[in-house]
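Beneath this line is the structure, given in structure tokens, with notes to follow.
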Amino acid sequence: MTRKLFSESALILRIIFIISVFIILLTGGFSYKNISNLKNSTKLVVSTYEVNIALKEVISYLKDAESSYRNYMFTKDTLYLNQYLNAREKVTISFAQLKEITSTDTVQKENLITLNKLIASLFNNLTETIGYVDNNQTYGDEFKSKLFEENIIMYSISRKVNDMIEFEKRQLEERQKQHQSNLQFTPLTLYFILIITLLLIIISYNKISNNFNNIKLINNQLLIFKEAAIQLEIIGKHGNWVWDVETNEFTFSDNLYRVLGEEPQSFEPTVDNFMKFVHPGDQENLTKKIKQMMQDKNLPFIYYRIVQKDGSTKHIKGYGKLLTNNDGESRLIGNITDISDEIESFLEIEKRNVELERNNEELSAFNYIASHDLQEPLRKIQTFISRLEEKEAEKFSSSGYQYLEGIKTAAARMRLLIDDLLEYSRINKSDKEFVMADLNEILEKAKQDVAEIISEKKAIITSDILPSVTGIPFQMQQLFLNLLSNSLKYSKKDKTPIINIEYTKVKRKEDPNLINTTKSDYHKITFSDNGIGFNQEYAEQIFELFNRIHSKQDYSGTGVGLSICKKIMENHHGFIFAKGKPNVGAIFTLYLPIK
């Protein structure tokens, strides 16, 4: 049926197209016959207006000349004489234009000859009277006679100009009648319009033909999209509804019924029927929101519960937005989503958060034990060892004395380990206040903490001027202290330790270490030394807790210091990298984001 209607529409379109082409060609040919008459009559009408304007200009300039002459006669001010000469020149120019315009009109040409003579006579008379004025002979009869002649000539000129204007008016009436007759068809304009119309029809035909093909293609795509939307609703547990504002009617999608636990279209889509599924505890609030929706034509995000027939409760999130089509019809498009799984996941996360808080409390208790309870028996052990060494050492055999030294060393190492663990625990807390801190001052404080070792090893430390950053001052001091201590600890025994601290600003795209970072600009600080270094394969392991790459018999320490450095950089949203070479030295690079 659709294919038959499509074929009939295409046939009707072709018939209309052929008839339109025939009418356009017929009208165009008929209009072309009148194009010459229209063009000529338009030119004549325009010429008549131009002649009238030129005549009025001539008489206006003549009056200006006469007025300037009169003013000069009474005041003898040369300004008026110049105005007179200027007006006379304009008369000459306007007369030349008038002569050119009327070159094809024999009657007006004869009139112009007479007018020219009168104008020449007028200017000759004015020239003579100006001479009388210049010679102060304005009281004689000859001067008065010239003034009289001037008035007569000016009167004659005015009459001649009026005659010419009247003649042009009569011609204008005749030409306007002819022009009006020719304008009935406006041939040239009509012809162009018809050609444009023809082109539009051709374009429209092609467009309509293409639209038919596009509509078929779009219909197929819409079918696919509709099926995909249905599948998406099912997978995402969504349901759609539409409220026609004009008719106050609702439409529910099939999956909205499924979300409610019902078969598609199993009941009439109304607000009352939907409210039957809403949890009693949420009905009042949802009813209020729906009334507000019908008033404001808007439904912000709303959360409520529904109860399915099997008694199971589902958590629903709803939303609606008003849409108006090109015809001005308004519809509120809404969506409901079953978020029960999200709610359950949220509750599970809350439960785990509670467990995590409990574990943190237990960890805090452990830290307290490590910092207080464990240190108390350790202090007693060290006290008893000290007393044994003072009072009973002489009674020990050589092997017994070695055992005592081993116990003493182990106790000291145990104290150092407890202190480092306590320090790591403190650094692990990120709830400290961030303030603006001058890294130059912090570096000086860190150097003072290891001043004795620096003096003992005669170490040389150089530093660039460092920036001020937003951070936790005591943590930054601990960071610099650990890096300085690390370089001093692992220095060569036969060589003066040299530690260079350099600073520069870098951009993420310019540094390969920052490719996967989020900030665009960073402070880059490097600590380089000439110590024993390390194999690059251990560059990441050295930041792990309790990880040592050197023997504890050769170098003291617990393997916690660099772990603290990494934790401090993480607390400041920064990064730390290590680079080493055996017997050459180590380089530690810090990146702090610029805020």
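Here's how to read the names in the structure tokens: chain A, B, ... by the order shown, residue numbers from 1 in each chain, ligand numbers from 1 in the order shown.
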Considering only alpha helix (DSSP H) as DSSP defines it on the backbone, what residues of range 328-360 of chain A qualify? List them as a list in words.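 Selection result, alpha helix (DSSP H) within range 328-360 of chain A: Ser340, Asp341, Glu342, Ile343, Glu344, Ser345, Phe346, Leu347, Glu348, Ile349, Glu350, Lys351, Arg352, Asn353, Val354, Glu355, Leu356, Glu357, Arg358, Asn359 and Asn360 of chain A.
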Set the distance at 7 Å and use only C-alpha atoms: which residues neighbour range 49-61 of chain A once local chain neighbours fewer than 6 positions away are removed? I'd like the list as a list in words.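 So the residues in contact are Ala87, Lys90, Val91, Ser94, Phe95, Leu98, Ile101, Val161 and Ile165 of chain A.
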Atomic separation - CA of Met164 in chain A relative to CA of Lys99 in chain A, Å: 12.6 Å
As a check of understanding: the span from CA of Phe434 in chain A to CA of Val506 in chain A is 22.6 Å
Skip range 343-345 of chain A itself and residues of its chain fewer than 4 positions away, then list as number ranges by chain all residues within 10 Å of it, counting only C-alpha atoms. A: 314-316, 338-339, 349-351
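If only C-alpha atoms are the atoms counted, then among A:Phe346, A:Asn248, A:Asn513, A:Trp241 the closest residue to Gly318 in chain A is A:Trp241.
As for CA of Asp141 in chain A and CA of Asn125 in chain A, they are spaced 14.7 Å apart.
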Excluding same-chain residues fewer than 4 positions from Gly531 in chain A, what lies within 12 Å of it counting only C-alpha atoms, as a PyMOL selection string? chain A and resi 459+484-500+527+580-587
Can you pull out the residues contacting Phe252 in chain A? Cut-off 7 Å, using only C-alpha atoms, and skip same-chain residues under 6 positions away; I want them as a count of residues only. 4
Leaving out Glu249 in chain A and any residue of its chain fewer than 5 positions from it, which residues lie within 10 Å of it when counting only C-alpha atoms, given as number ranges by chain? A: 242-244, 269-271, 331
